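In what follows, a structure is listed as structure tokens, so that the remarks can point back to it.
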Amino acid sequence: MTDERERRPETPAEADGTTGLFTALGKMLKRLRERKGLTQKEFGQLVGYGPDAISAMERGVRLIRPEVLEQADVLLDAGGMLKDAIPEVREAMGRVRTRHPEWYRSYAALEAEARELHIYANHGVPGLLQTVDYARAVFSRRRPLLDEETIDKRITDRLARQQVLDKWPAPMCSFVLEEVILDRPIGGRSVQKAQLQHLLRISDLRNVEMQVMPTAIADHPNMDGGFNLLTPKRHPQVAYTEVQGYPRLITDPEEVRTIVDRYGIMRAMALAPSESRALIEKKLGEL
């Protein structure tokens with residue numbers, strides 16, 4: 001954002017005392033993993049998470065779900081120490097609230113309880129799919145410049161949002177990504193490579209369908225920018241857009257229907273999920 005709201009550091013909406021718990025558990029998890037001689041990637045493969053997610057858990061910026069603690073207790077020979085923390089973790093998860101700038105919180109709350117999420121992105125990888133390094137590159141290059149404390153907060157909040165993909169029952173998610181997003185080396189080639197690998201991991205999730213819109217498409221049905229569509233629990237479907245720092249949560253049924261119609265046409269024109277995956281793999285192989 002380019003106005004005063006962007007320049008001012010965020011006011012945390014989470015004042016529930018859970019930070020210390022997950023920081024301590026993260027340190028314990030890291031020590032046990034290293035004692036076992038496992039890398040973050042190796043451990044992540046055992047519990048069903050990518051290395052970025054494991055890194056976030058160990059740094060206390062991502063909640064460690066009870067099922068992960070249960071698996072880790074056995075895999076890392078913790079002797080029950082991690083399992084013993086599960087009741088406190090469940091209680092903390094019931095109290096935790098997302099932390100975002102004031103203008104974003106209404107959307108963030110809806111996203112956290114969404115039954116369906118459908119996202120069209122045309123400039124960069126959507127926040128829900130970003131790696132830590134990609135997110136850092138995005139925020140570090142933002143204008144006007146953000147201070148380091150604000151950058152760290154933004155990254156933490158972005159990782160916290162990504163938990164919506166892991167929760168159960170899992171929301172049904174679809175993404176339509178413009179092909180240029182795959183080619184744009186945000187943060188450099190190594191960050192780009194890790195980001196493409198992450199997209200492949202996310203596309204493997206049963207509740208996710210990922211499609212690429214080829215740049216060669218001549219008759220594009222939406223030149224008005226990116227958007228999110230979501231269906232929150234006990235609420236009708238809404239849309240969210242943000243242009244040049246101006247966010248808009250769209251609840252008018254007719255406006256939402258128009259965006260839903262555009263999204264449906266784009267999904268029909270985009271590559272099928274299997275073809276999209278093949279394209280991502282091809283571009284990854286070329287790096």
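Residue numbering restarts at 1 in every chain; chains get A, B, ... in the order shown in the structure tokens, and ligands count up from 1 in that same order.
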Spatial neighbours of A:Glu242, max dist 9 Å, only C-alpha atoms, sep filter under 3 positions, as a compact mmCIF listing (two decimals) with all heavy atoms, in the first residue's frame:
# COMPACT_ATOMS: atom_id res chain seq x y z
N GLY A 225 -7.51 -7.48 -13.54
CA GLY A 225 -6.66 -7.75 -12.39
C GLY A 225 -7.04 -9.00 -11.62
O GLY A 225 -8.06 -9.65 -11.89
N GLY A 226 -6.21 -9.33 -10.64
CA GLY A 226 -6.41 -10.53 -9.85
C GLY A 226 -7.55 -10.39 -8.85
O GLY A 226 -8.00 -9.28 -8.54
N PHE A 227 -8.01 -11.54 -8.35
CA PHE A 227 -9.08 -11.53 -7.36
C PHE A 227 -9.11 -12.86 -6.63
O PHE A 227 -8.55 -13.86 -7.09
CB PHE A 227 -10.45 -11.27 -8.02
CG PHE A 227 -10.82 -12.26 -9.10
CD1 PHE A 227 -11.28 -13.52 -8.81
CD2 PHE A 227 -10.69 -11.90 -10.43
CE1 PHE A 227 -11.61 -14.43 -9.80
CE2 PHE A 227 -11.02 -12.80 -11.44
CZ PHE A 227 -11.47 -14.07 -11.13
N GLY A 245 -2.95 -0.89 -3.46
CA GLY A 245 -3.12 -0.67 -2.04
C GLY A 245 -4.54 -0.39 -1.59
O GLY A 245 -4.76 -0.11 -0.42
N TYR A 246 -5.50 -0.46 -2.51
CA TYR A 246 -6.89 -0.22 -2.13
C TYR A 246 -7.65 -1.53 -2.13
O TYR A 246 -8.00 -2.07 -3.18
CB TYR A 246 -7.54 0.78 -3.11
CG TYR A 246 -7.03 2.19 -2.93
CD1 TYR A 246 -5.94 2.64 -3.68
CD2 TYR A 246 -7.61 3.05 -2.00
CE1 TYR A 246 -5.44 3.92 -3.51
CE2 TYR A 246 -7.11 4.34 -1.83
CZ TYR A 246 -6.04 4.76 -2.58
OH TYR A 246 -5.55 6.04 -2.40
N PRO A 247 -7.90 -2.09 -0.94
CA PRO A 247 -8.60 -3.37 -0.85
C PRO A 247 -10.10 -3.19 -0.95
O PRO A 247 -10.65 -2.14 -0.58
CB PRO A 247 -8.21 -3.86 0.55
CG PRO A 247 -8.05 -2.60 1.34
CD PRO A 247 -7.49 -1.58 0.38
N ARG A 248 -10.76 -4.21 -1.44
CA ARG A 248 -12.22 -4.16 -1.54
C ARG A 248 -12.79 -5.54 -1.33
O ARG A 248 -12.44 -6.49 -2.06
CB ARG A 248 -12.65 -3.63 -2.91
CG ARG A 248 -14.17 -3.44 -3.01
CD ARG A 248 -14.57 -2.90 -4.35
NE ARG A 248 -16.02 -2.79 -4.45
CZ ARG A 248 -16.72 -3.05 -5.55
NH1 ARG A 248 -16.09 -3.43 -6.65
NH2 ARG A 248 -18.03 -2.95 -5.55
N LEU A 249 -13.63 -5.68 -0.33
CA LEU A 249 -14.35 -6.92 -0.08
C LEU A 249 -15.72 -6.77 -0.73
O LEU A 249 -16.51 -5.91 -0.34
CB LEU A 249 -14.49 -7.17 1.42
CG LEU A 249 -15.13 -8.49 1.84
CD1 LEU A 249 -14.28 -9.67 1.38
CD2 LEU A 249 -15.31 -8.54 3.34
Report as a compact mmCIF listing (two decimals) with C-alpha atoms, in the first residue's frame: the residues of stretch 46-225 of chain A with a DSSP assignment of alpha helix (DSSP H), based on the backbone of this structure.
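Output contents, as saved in out09.txt:
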# COMPACT_ATOMS: atom_id res chain seq x y z
CA LEU A 46 7.97 -38.13 7.06
CA VAL A 47 5.17 -35.93 8.43
CA PRO A 51 10.83 -27.87 4.32
CA ASP A 52 9.48 -24.29 4.34
CA ALA A 53 6.61 -25.35 6.59
CA ILE A 54 8.96 -27.25 8.95
CA SER A 55 11.24 -24.21 9.10
CA ALA A 56 8.27 -22.01 10.00
CA MET A 57 7.16 -24.43 12.71
CA GLU A 58 10.63 -24.55 14.24
CA PRO A 66 -1.51 -31.91 17.09
CA GLU A 67 -1.13 -34.66 14.47
CA VAL A 68 2.37 -33.39 13.66
CA LEU A 69 3.33 -33.44 17.33
CA GLU A 70 1.99 -36.99 17.65
CA GLN A 71 3.98 -38.23 14.64
CA ALA A 72 7.09 -36.30 15.66
CA ASP A 73 7.03 -37.73 19.18
CA VAL A 74 7.46 -41.22 17.74
CA LEU A 75 9.77 -40.37 14.83
CA ILE A 86 -1.13 -31.55 22.58
CA PRO A 87 -3.91 -30.45 25.01
CA GLU A 88 -2.32 -27.00 25.35
CA VAL A 89 -1.88 -26.79 21.57
CA ARG A 90 -5.54 -27.62 20.98
CA GLU A 91 -6.57 -24.93 23.46
CA ALA A 92 -4.25 -22.39 21.83
CA MET A 93 -5.58 -23.21 18.37
CA GLY A 94 -9.06 -22.47 19.62
CA ARG A 95 -7.99 -19.03 20.77
CA ARG A 105 -8.78 -8.40 8.97
CA SER A 106 -12.35 -8.79 7.76
CA TYR A 107 -11.14 -10.74 4.74
CA ALA A 108 -8.54 -12.70 6.73
CA ALA A 109 -11.23 -13.86 9.16
CA LEU A 110 -13.42 -15.08 6.29
CA GLU A 111 -10.49 -16.80 4.61
CA ALA A 112 -9.56 -18.67 7.79
CA VAL A 132 9.34 -17.87 2.94
CA ASP A 133 12.09 -16.58 0.64
CA TYR A 134 9.66 -15.55 -2.09
CA ALA A 135 7.54 -13.64 0.44
CA ARG A 136 10.64 -11.92 1.82
CA ALA A 137 11.69 -10.88 -1.69
CA VAL A 138 8.21 -9.47 -2.37
CA PHE A 139 8.06 -7.42 0.82
CA SER A 140 11.71 -6.31 0.67
CA GLU A 148 12.66 -4.93 8.79
CA GLU A 149 10.26 -5.35 11.69
CA THR A 150 7.26 -4.83 9.42
CA ILE A 151 8.70 -7.19 6.80
CA ASP A 152 9.12 -9.91 9.43
CA LYS A 153 5.54 -9.37 10.63
CA ARG A 154 4.19 -9.58 7.10
CA ILE A 155 6.04 -12.84 6.46
CA THR A 156 4.82 -14.32 9.74
CA ASP A 157 1.24 -13.37 8.95
CA ARG A 158 1.48 -14.76 5.42
CA LEU A 159 2.74 -18.11 6.71
CA ALA A 160 -0.04 -18.18 9.30
CA ARG A 161 -2.63 -17.70 6.56
CA GLU A 179 2.14 -18.27 -17.06
CA VAL A 180 4.26 -15.15 -16.62
CA ILE A 181 4.19 -15.78 -12.86
CA LEU A 182 6.20 -18.96 -13.41
CA ASP A 183 8.79 -17.10 -15.48
CA ARG A 189 16.81 -17.98 -9.75
CA SER A 190 17.32 -20.03 -6.58
CA VAL A 191 14.20 -18.52 -4.99
CA GLN A 192 12.29 -19.02 -8.24
CA LYS A 193 13.34 -22.67 -8.40
CA ALA A 194 12.29 -23.35 -4.79
CA GLN A 195 8.99 -21.57 -5.45
CA LEU A 196 8.20 -23.74 -8.48
CA GLN A 197 9.03 -26.86 -6.45
CA HIS A 198 6.65 -25.60 -3.75
CA LEU A 199 3.88 -25.10 -6.31
CA LEU A 200 4.29 -28.72 -7.36
CA ARG A 201 4.03 -29.87 -3.74
CA ILE A 202 0.88 -27.83 -3.17
CA SER A 203 -0.66 -29.11 -6.40
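Proximity ranking of A:Thr231, A:Gln244, A:Asn222, A:Ser276 relative to A:Asp261 places A:Asn222 first, based on only C-alpha atoms.
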Residue among A:Arg59, A:Lys167, A:His118, A:Arg142 lying closest to A:Lys27, counting only C-alpha atoms: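 Closest to A:Lys27 of all the choices is A:Arg59.
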Which residues come within 10 Å of A:Ala170, counting only C-alpha atoms, excluding same-chain residues fewer than 4 positions away, as a PDB file with N, CA, C and O atoms, in the first residue's frame?
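Generated file (out-v3.pdb):
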ATOM      1  N   GLU A 113     -11.903 -19.384   7.721  1.00  0.00           N
ATOM      2  CA  GLU A 113     -12.976 -20.355   7.923  1.00  0.00           C
ATOM      3  C   GLU A 113     -13.629 -20.763   6.601  1.00  0.00           C
ATOM      4  O   GLU A 113     -14.720 -21.323   6.584  1.00  0.00           O
ATOM      5  N   ALA A 114     -12.954 -20.474   5.494  1.00  0.00           N
ATOM      6  CA  ALA A 114     -13.544 -20.713   4.180  1.00  0.00           C
ATOM      7  C   ALA A 114     -13.776 -22.196   3.905  1.00  0.00           C
ATOM      8  O   ALA A 114     -12.966 -23.046   4.275  1.00  0.00           O
ATOM      9  N   ARG A 115     -14.886 -22.477   3.254  1.00  0.00           N
ATOM     10  CA  ARG A 115     -15.170 -23.830   2.763  1.00  0.00           C
ATOM     11  C   ARG A 115     -14.623 -24.000   1.349  1.00  0.00           C
ATOM     12  O   ARG A 115     -14.290 -25.108   0.934  1.00  0.00           O
ATOM     13  N   GLU A 116     -14.566 -22.903   0.598  1.00  0.00           N
ATOM     14  CA  GLU A 116     -14.011 -22.913  -0.751  1.00  0.00           C
ATOM     15  C   GLU A 116     -13.160 -21.665  -0.949  1.00  0.00           C
ATOM     16  O   GLU A 116     -13.504 -20.589  -0.456  1.00  0.00           O
ATOM     17  N   VAL A 164      -4.609 -22.502   6.280  1.00  0.00           N
ATOM     18  CA  VAL A 164      -5.952 -22.828   5.800  1.00  0.00           C
ATOM     19  C   VAL A 164      -5.901 -24.010   4.831  1.00  0.00           C
ATOM     20  O   VAL A 164      -6.869 -24.769   4.710  1.00  0.00           O
ATOM     21  N   LEU A 165      -4.767 -24.214   4.170  1.00  0.00           N
ATOM     22  CA  LEU A 165      -4.635 -25.332   3.232  1.00  0.00           C
ATOM     23  C   LEU A 165      -4.469 -26.667   3.950  1.00  0.00           C
ATOM     24  O   LEU A 165      -4.704 -27.722   3.362  1.00  0.00           O
ATOM     25  N   ASP A 166      -4.047 -26.620   5.216  1.00  0.00           N
ATOM     26  CA  ASP A 166      -3.754 -27.837   5.964  1.00  0.00           C
ATOM     27  C   ASP A 166      -4.872 -28.272   6.895  1.00  0.00           C
ATOM     28  O   ASP A 166      -4.869 -29.401   7.382  1.00  0.00           O
ATOM     29  N   LEU A 205      -1.799 -31.737  -3.228  1.00  0.00           N
ATOM     30  CA  LEU A 205      -2.813 -31.849  -2.186  1.00  0.00           C
ATOM     31  C   LEU A 205      -4.153 -32.233  -2.795  1.00  0.00           C
ATOM     32  O   LEU A 205      -4.535 -31.737  -3.859  1.00  0.00           O
ATOM     33  N   ARG A 206      -4.881 -33.098  -2.130  1.00  0.00           N
ATOM     34  CA  ARG A 206      -6.157 -33.584  -2.667  1.00  0.00           C
ATOM     35  C   ARG A 206      -7.197 -32.495  -2.818  1.00  0.00           C
ATOM     36  O   ARG A 206      -8.102 -32.596  -3.645  1.00  0.00           O
ATOM     37  N   ASN A 207      -7.095 -31.471  -1.986  1.00  0.00           N
ATOM     38  CA  ASN A 207      -8.110 -30.412  -2.006  1.00  0.00           C
ATOM     39  C   ASN A 207      -7.720 -29.226  -2.882  1.00  0.00           C
ATOM     40  O   ASN A 207      -8.381 -28.194  -2.857  1.00  0.00           O
ATOM     41  N   VAL A 208      -6.639 -29.363  -3.667  1.00  0.00           N
ATOM     42  CA  VAL A 208      -6.145 -28.249  -4.478  1.00  0.00           C
ATOM     43  C   VAL A 208      -6.114 -28.612  -5.961  1.00  0.00           C
ATOM     44  O   VAL A 208      -5.645 -29.688  -6.330  1.00  0.00           O
TER      45      VAL A 208
END
Who sits within 12 Å of A:Ala268, only C-alpha atoms, same chain under 4 positions skipped, as a list of chain:residue names: A:Val176, A:Gln211, A:Val212, A:Met213, A:Ile217, A:His220, A:Pro221, A:Asp261, A:Arg262, A:Tyr263, A:Gly264, A:Ala272, A:Pro273
Dump of N, CA, C and O atoms for the selected residues, as a PDB file, in the first residue's frame:
ATOM      1  N   VAL A 176      -5.811 -20.223 -10.507  1.00  0.00           N
ATOM      2  CA  VAL A 176      -5.475 -19.994 -11.910  1.00  0.00           C
ATOM      3  C   VAL A 176      -4.336 -18.979 -11.914  1.00  0.00           C
ATOM      4  O   VAL A 176      -4.505 -17.835 -11.467  1.00  0.00           O
ATOM      5  N   GLN A 211      -4.115 -24.490 -12.004  1.00  0.00           N
ATOM      6  CA  GLN A 211      -4.109 -24.383 -13.455  1.00  0.00           C
ATOM      7  C   GLN A 211      -3.302 -23.165 -13.896  1.00  0.00           C
ATOM      8  O   GLN A 211      -3.270 -22.153 -13.199  1.00  0.00           O
ATOM      9  N   VAL A 212      -2.654 -23.289 -15.045  1.00  0.00           N
ATOM     10  CA  VAL A 212      -1.863 -22.200 -15.610  1.00  0.00           C
ATOM     11  C   VAL A 212      -2.581 -21.644 -16.834  1.00  0.00           C
ATOM     12  O   VAL A 212      -3.026 -22.404 -17.699  1.00  0.00           O
ATOM     13  N   MET A 213      -2.693 -20.333 -16.891  1.00  0.00           N
ATOM     14  CA  MET A 213      -3.263 -19.656 -18.054  1.00  0.00           C
ATOM     15  C   MET A 213      -2.120 -19.287 -18.996  1.00  0.00           C
ATOM     16  O   MET A 213      -1.283 -18.445 -18.657  1.00  0.00           O
ATOM     17  N   ILE A 217      -2.740 -17.129 -24.841  1.00  0.00           N
ATOM     18  CA  ILE A 217      -4.190 -16.995 -24.980  1.00  0.00           C
ATOM     19  C   ILE A 217      -4.524 -15.607 -25.557  1.00  0.00           C
ATOM     20  O   ILE A 217      -4.148 -14.581 -24.993  1.00  0.00           O
ATOM     21  N   HIS A 220      -8.529 -13.173 -23.727  1.00  0.00           N
ATOM     22  CA  HIS A 220      -8.575 -13.293 -22.273  1.00  0.00           C
ATOM     23  C   HIS A 220      -9.854 -12.661 -21.738  1.00  0.00           C
ATOM     24  O   HIS A 220     -10.162 -11.502 -22.041  1.00  0.00           O
ATOM     25  N   PRO A 221     -10.626 -13.381 -20.897  1.00  0.00           N
ATOM     26  CA  PRO A 221     -11.902 -12.849 -20.405  1.00  0.00           C
ATOM     27  C   PRO A 221     -11.795 -11.888 -19.233  1.00  0.00           C
ATOM     28  O   PRO A 221     -12.794 -11.322 -18.802  1.00  0.00           O
ATOM     29  N   ASP A 261     -18.453 -15.781 -12.901  1.00  0.00           N
ATOM     30  CA  ASP A 261     -18.600 -16.104 -14.315  1.00  0.00           C
ATOM     31  C   ASP A 261     -17.268 -15.982 -15.049  1.00  0.00           C
ATOM     32  O   ASP A 261     -16.880 -16.863 -15.826  1.00  0.00           O
ATOM     33  N   ARG A 262     -16.538 -14.905 -14.793  1.00  0.00           N
ATOM     34  CA  ARG A 262     -15.224 -14.725 -15.412  1.00  0.00           C
ATOM     35  C   ARG A 262     -14.270 -15.842 -15.009  1.00  0.00           C
ATOM     36  O   ARG A 262     -13.512 -16.359 -15.837  1.00  0.00           O
ATOM     37  N   TYR A 263     -14.309 -16.195 -13.738  1.00  0.00           N
ATOM     38  CA  TYR A 263     -13.395 -17.231 -13.256  1.00  0.00           C
ATOM     39  C   TYR A 263     -13.698 -18.573 -13.934  1.00  0.00           C
ATOM     40  O   TYR A 263     -12.782 -19.315 -14.296  1.00  0.00           O
ATOM     41  N   GLY A 264     -14.973 -18.867 -14.098  1.00  0.00           N
ATOM     42  CA  GLY A 264     -15.349 -20.106 -14.760  1.00  0.00           C
ATOM     43  C   GLY A 264     -14.840 -20.172 -16.189  1.00  0.00           C
ATOM     44  O   GLY A 264     -14.349 -21.218 -16.648  1.00  0.00           O
ATOM     45  N   ALA A 272      -5.330 -27.772 -18.238  1.00  0.00           N
ATOM     46  CA  ALA A 272      -5.852 -28.693 -17.231  1.00  0.00           C
ATOM     47  C   ALA A 272      -4.811 -28.851 -16.120  1.00  0.00           C
ATOM     48  O   ALA A 272      -3.620 -28.592 -16.332  1.00  0.00           O
ATOM     49  N   PRO A 273      -5.220 -29.260 -14.905  1.00  0.00           N
ATOM     50  CA  PRO A 273      -4.263 -29.420 -13.810  1.00  0.00           C
ATOM     51  C   PRO A 273      -3.053 -30.290 -14.165  1.00  0.00           C
ATOM     52  O   PRO A 273      -1.919 -29.939 -13.827  1.00  0.00           O
TER      53      PRO A 273
END
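The interatomic distance for the pair atom CA of A:Lys36 and atom CA of A:Leu76 works out to 6.2 Å.
Here atom CA of A:Pro169 stands at a distance of 21.6 Å from atom CA of A:Gln45.
Each of A:Pro171, A:Asp224, A:Leu177, A:Leu146 was compared to A:Ala121 using only C-alpha atoms, and A:Leu177 turns out to be the nearest.
Going from atom CA of A:Gln162 over to atom CA of A:Gly127, you cover 7.8 Å.
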Could you go through stretch 153-242 of chain A and tell me which residues DSSP, when run on the backbone, assigns to strand (DSSP E or B), listing them as a compact mmCIF listing (two decimals) with all heavy atoms, in the first residue's frame?
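Output contents, as saved in selection-v7.txt:
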# COMPACT_ATOMS: atom_id res chain seq x y z
N MET A 172 -12.03 -26.67 -0.31
CA MET A 172 -11.73 -26.95 -1.71
C MET A 172 -11.11 -25.70 -2.32
O MET A 172 -11.70 -24.61 -2.24
CB MET A 172 -12.99 -27.36 -2.46
CG MET A 172 -13.63 -28.63 -1.92
SD MET A 172 -12.45 -30.03 -1.79
CE MET A 172 -11.99 -30.23 -3.52
N CYS A 173 -9.92 -25.85 -2.88
CA CYS A 173 -9.17 -24.69 -3.39
C CYS A 173 -8.82 -24.86 -4.86
O CYS A 173 -8.48 -25.96 -5.30
CB CYS A 173 -7.87 -24.51 -2.59
SG CYS A 173 -8.08 -24.33 -0.81
N SER A 174 -8.89 -23.77 -5.60
CA SER A 174 -8.42 -23.78 -6.98
C SER A 174 -7.65 -22.50 -7.23
O SER A 174 -7.93 -21.46 -6.63
CB SER A 174 -9.59 -23.91 -7.97
OG SER A 174 -10.36 -22.73 -8.01
N PHE A 175 -6.64 -22.60 -8.08
CA PHE A 175 -5.80 -21.45 -8.43
C PHE A 175 -5.64 -21.40 -9.94
O PHE A 175 -5.36 -22.42 -10.57
CB PHE A 175 -4.42 -21.57 -7.79
CG PHE A 175 -4.43 -21.61 -6.29
CD1 PHE A 175 -4.58 -22.81 -5.61
CD2 PHE A 175 -4.29 -20.45 -5.54
CE1 PHE A 175 -4.60 -22.87 -4.22
CE2 PHE A 175 -4.31 -20.49 -4.16
CZ PHE A 175 -4.46 -21.69 -3.50
N VAL A 176 -5.81 -20.22 -10.51
CA VAL A 176 -5.48 -19.99 -11.91
C VAL A 176 -4.34 -18.98 -11.91
O VAL A 176 -4.51 -17.84 -11.47
CB VAL A 176 -6.68 -19.46 -12.72
CG1 VAL A 176 -6.23 -19.09 -14.14
CG2 VAL A 176 -7.78 -20.51 -12.78
N LEU A 177 -3.18 -19.41 -12.39
CA LEU A 177 -1.98 -18.58 -12.38
C LEU A 177 -1.59 -18.24 -13.81
O LEU A 177 -1.49 -19.13 -14.67
CB LEU A 177 -0.82 -19.30 -11.70
CG LEU A 177 -1.07 -19.95 -10.34
CD1 LEU A 177 0.19 -20.66 -9.86
CD2 LEU A 177 -1.54 -18.92 -9.32
N GLU A 178 -1.35 -16.97 -14.08
CA GLU A 178 -0.85 -16.60 -15.39
C GLU A 178 0.55 -17.19 -15.57
O GLU A 178 1.36 -17.24 -14.64
CB GLU A 178 -0.79 -15.07 -15.53
CG GLU A 178 -2.14 -14.39 -15.61
CD GLU A 178 -2.86 -14.66 -16.93
OE1 GLU A 178 -2.20 -15.07 -17.91
OE2 GLU A 178 -4.10 -14.45 -16.97
N VAL A 208 -6.64 -29.36 -3.67
CA VAL A 208 -6.14 -28.25 -4.48
C VAL A 208 -6.11 -28.61 -5.96
O VAL A 208 -5.65 -29.69 -6.33
CB VAL A 208 -4.73 -27.83 -4.03
CG1 VAL A 208 -4.14 -26.80 -4.99
CG2 VAL A 208 -4.75 -27.26 -2.62
N GLU A 209 -6.62 -27.70 -6.78
CA GLU A 209 -6.48 -27.80 -8.23
C GLU A 209 -5.77 -26.55 -8.71
O GLU A 209 -6.21 -25.44 -8.43
CB GLU A 209 -7.85 -27.94 -8.92
CG GLU A 209 -8.51 -29.28 -8.69
CD GLU A 209 -9.74 -29.46 -9.55
OE1 GLU A 209 -10.19 -28.47 -10.18
OE2 GLU A 209 -10.26 -30.59 -9.60
N MET A 210 -4.66 -26.74 -9.42
CA MET A 210 -3.85 -25.62 -9.88
C MET A 210 -3.80 -25.63 -11.41
O MET A 210 -3.49 -26.66 -12.01
CB MET A 210 -2.44 -25.71 -9.29
CG MET A 210 -1.61 -24.45 -9.46
SD MET A 210 -0.01 -24.60 -8.61
CE MET A 210 -0.53 -24.80 -6.89
N GLN A 211 -4.11 -24.49 -12.00
CA GLN A 211 -4.11 -24.38 -13.45
C GLN A 211 -3.30 -23.16 -13.90
O GLN A 211 -3.27 -22.15 -13.20
CB GLN A 211 -5.54 -24.25 -14.00
CG GLN A 211 -6.40 -25.48 -13.78
CD GLN A 211 -7.82 -25.26 -14.28
OE1 GLN A 211 -8.72 -25.01 -13.49
NE2 GLN A 211 -8.01 -25.36 -15.59
N VAL A 212 -2.65 -23.29 -15.05
CA VAL A 212 -1.86 -22.20 -15.61
C VAL A 212 -2.58 -21.64 -16.83
O VAL A 212 -3.03 -22.40 -17.70
CB VAL A 212 -0.45 -22.69 -16.01
CG1 VAL A 212 0.32 -21.57 -16.69
CG2 VAL A 212 0.31 -23.17 -14.77
N MET A 213 -2.69 -20.33 -16.89
CA MET A 213 -3.26 -19.66 -18.05
C MET A 213 -2.12 -19.29 -19.00
O MET A 213 -1.28 -18.44 -18.66
CB MET A 213 -4.02 -18.40 -17.62
CG MET A 213 -4.56 -17.58 -18.77
SD MET A 213 -5.92 -18.39 -19.64
CE MET A 213 -7.30 -17.91 -18.57
N PHE A 227 -8.01 -11.54 -8.35
CA PHE A 227 -9.08 -11.53 -7.36
C PHE A 227 -9.11 -12.86 -6.63
O PHE A 227 -8.55 -13.86 -7.09
CB PHE A 227 -10.45 -11.27 -8.02
CG PHE A 227 -10.82 -12.26 -9.10
CD1 PHE A 227 -11.28 -13.52 -8.81
CD2 PHE A 227 -10.69 -11.90 -10.43
CE1 PHE A 227 -11.61 -14.43 -9.80
CE2 PHE A 227 -11.02 -12.80 -11.44
CZ PHE A 227 -11.47 -14.07 -11.13
N ASN A 228 -9.77 -12.84 -5.49
CA ASN A 228 -10.04 -14.05 -4.71
C ASN A 228 -11.55 -14.23 -4.59
O ASN A 228 -12.28 -13.26 -4.39
CB ASN A 228 -9.45 -13.95 -3.30
CG ASN A 228 -7.94 -13.83 -3.30
OD1 ASN A 228 -7.30 -13.82 -4.34
ND2 ASN A 228 -7.36 -13.69 -2.12
N LEU A 229 -11.99 -15.47 -4.68
CA LEU A 229 -13.38 -15.82 -4.40
C LEU A 229 -13.38 -16.79 -3.24
O LEU A 229 -12.58 -17.73 -3.23
CB LEU A 229 -14.02 -16.50 -5.62
CG LEU A 229 -14.38 -15.62 -6.81
CD1 LEU A 229 -14.65 -16.47 -8.04
CD2 LEU A 229 -15.61 -14.76 -6.49
N LEU A 230 -14.22 -16.56 -2.26
CA LEU A 230 -14.26 -17.50 -1.15
C LEU A 230 -15.68 -17.67 -0.63
O LEU A 230 -16.50 -16.77 -0.70
CB LEU A 230 -13.31 -17.09 -0.03
CG LEU A 230 -13.52 -15.77 0.70
CD1 LEU A 230 -14.43 -15.98 1.91
CD2 LEU A 230 -12.21 -15.19 1.14
N THR A 231 -15.92 -18.86 -0.13
CA THR A 231 -17.21 -19.17 0.48
C THR A 231 -16.97 -19.48 1.95
O THR A 231 -16.52 -20.57 2.30
CB THR A 231 -17.87 -20.38 -0.20
OG1 THR A 231 -17.98 -20.13 -1.60
CG2 THR A 231 -19.27 -20.62 0.38
N PRO A 232 -17.20 -18.51 2.84
CA PRO A 232 -16.98 -18.74 4.27
C PRO A 232 -18.11 -19.56 4.88
O PRO A 232 -19.18 -19.68 4.30
CB PRO A 232 -16.94 -17.33 4.85
CG PRO A 232 -17.75 -16.52 3.90
CD PRO A 232 -17.61 -17.14 2.55
N VAL A 238 -18.18 -14.51 -1.40
CA VAL A 238 -17.75 -13.12 -1.54
C VAL A 238 -16.51 -13.08 -2.43
O VAL A 238 -15.89 -14.11 -2.71
CB VAL A 238 -17.45 -12.48 -0.17
CG1 VAL A 238 -18.68 -12.46 0.72
CG2 VAL A 238 -16.28 -13.20 0.52
N ALA A 239 -16.15 -11.89 -2.86
CA ALA A 239 -14.94 -11.69 -3.66
C ALA A 239 -14.07 -10.64 -2.99
O ALA A 239 -14.56 -9.79 -2.23
CB ALA A 239 -15.30 -11.27 -5.07
N TYR A 240 -12.77 -10.71 -3.27
CA TYR A 240 -11.83 -9.75 -2.69
C TYR A 240 -10.86 -9.31 -3.78
O TYR A 240 -10.32 -10.13 -4.52
CB TYR A 240 -11.06 -10.37 -1.53
CG TYR A 240 -9.97 -9.49 -0.97
CD1 TYR A 240 -10.26 -8.50 -0.04
CD2 TYR A 240 -8.65 -9.65 -1.37
CE1 TYR A 240 -9.28 -7.68 0.46
CE2 TYR A 240 -7.65 -8.84 -0.87
CZ TYR A 240 -7.96 -7.85 0.05
OH TYR A 240 -6.98 -7.04 0.54
N THR A 241 -10.66 -8.01 -3.89
CA THR A 241 -9.68 -7.48 -4.84
C THR A 241 -8.83 -6.43 -4.13
O THR A 241 -9.23 -5.87 -3.10
CB THR A 241 -10.36 -6.81 -6.05
OG1 THR A 241 -11.13 -5.68 -5.59
CG2 THR A 241 -11.28 -7.78 -6.77
N GLU A 242 -7.66 -6.17 -4.69
CA GLU A 242 -6.79 -5.13 -4.15
C GLU A 242 -5.99 -4.54 -5.29
O GLU A 242 -5.28 -5.26 -5.99
CB GLU A 242 -5.85 -5.69 -3.08
CG GLU A 242 -5.01 -4.61 -2.41
CD GLU A 242 -4.02 -5.17 -1.41
OE1 GLU A 242 -4.19 -6.35 -1.03
OE2 GLU A 242 -3.10 -4.44 -1.03
Residue with smallest distance to A:Arg35 - pool A:Asp77, A:Glu254, A:Lys282, A:Asp219, counting only C-alpha atoms: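 Closest candidate: A:Asp77.
Residue nearest A:Ala24, chosen from A:Pro185, A:Gly60, A:Gly79, A:Pro214 and counting only C-alpha atoms: A:Gly60.
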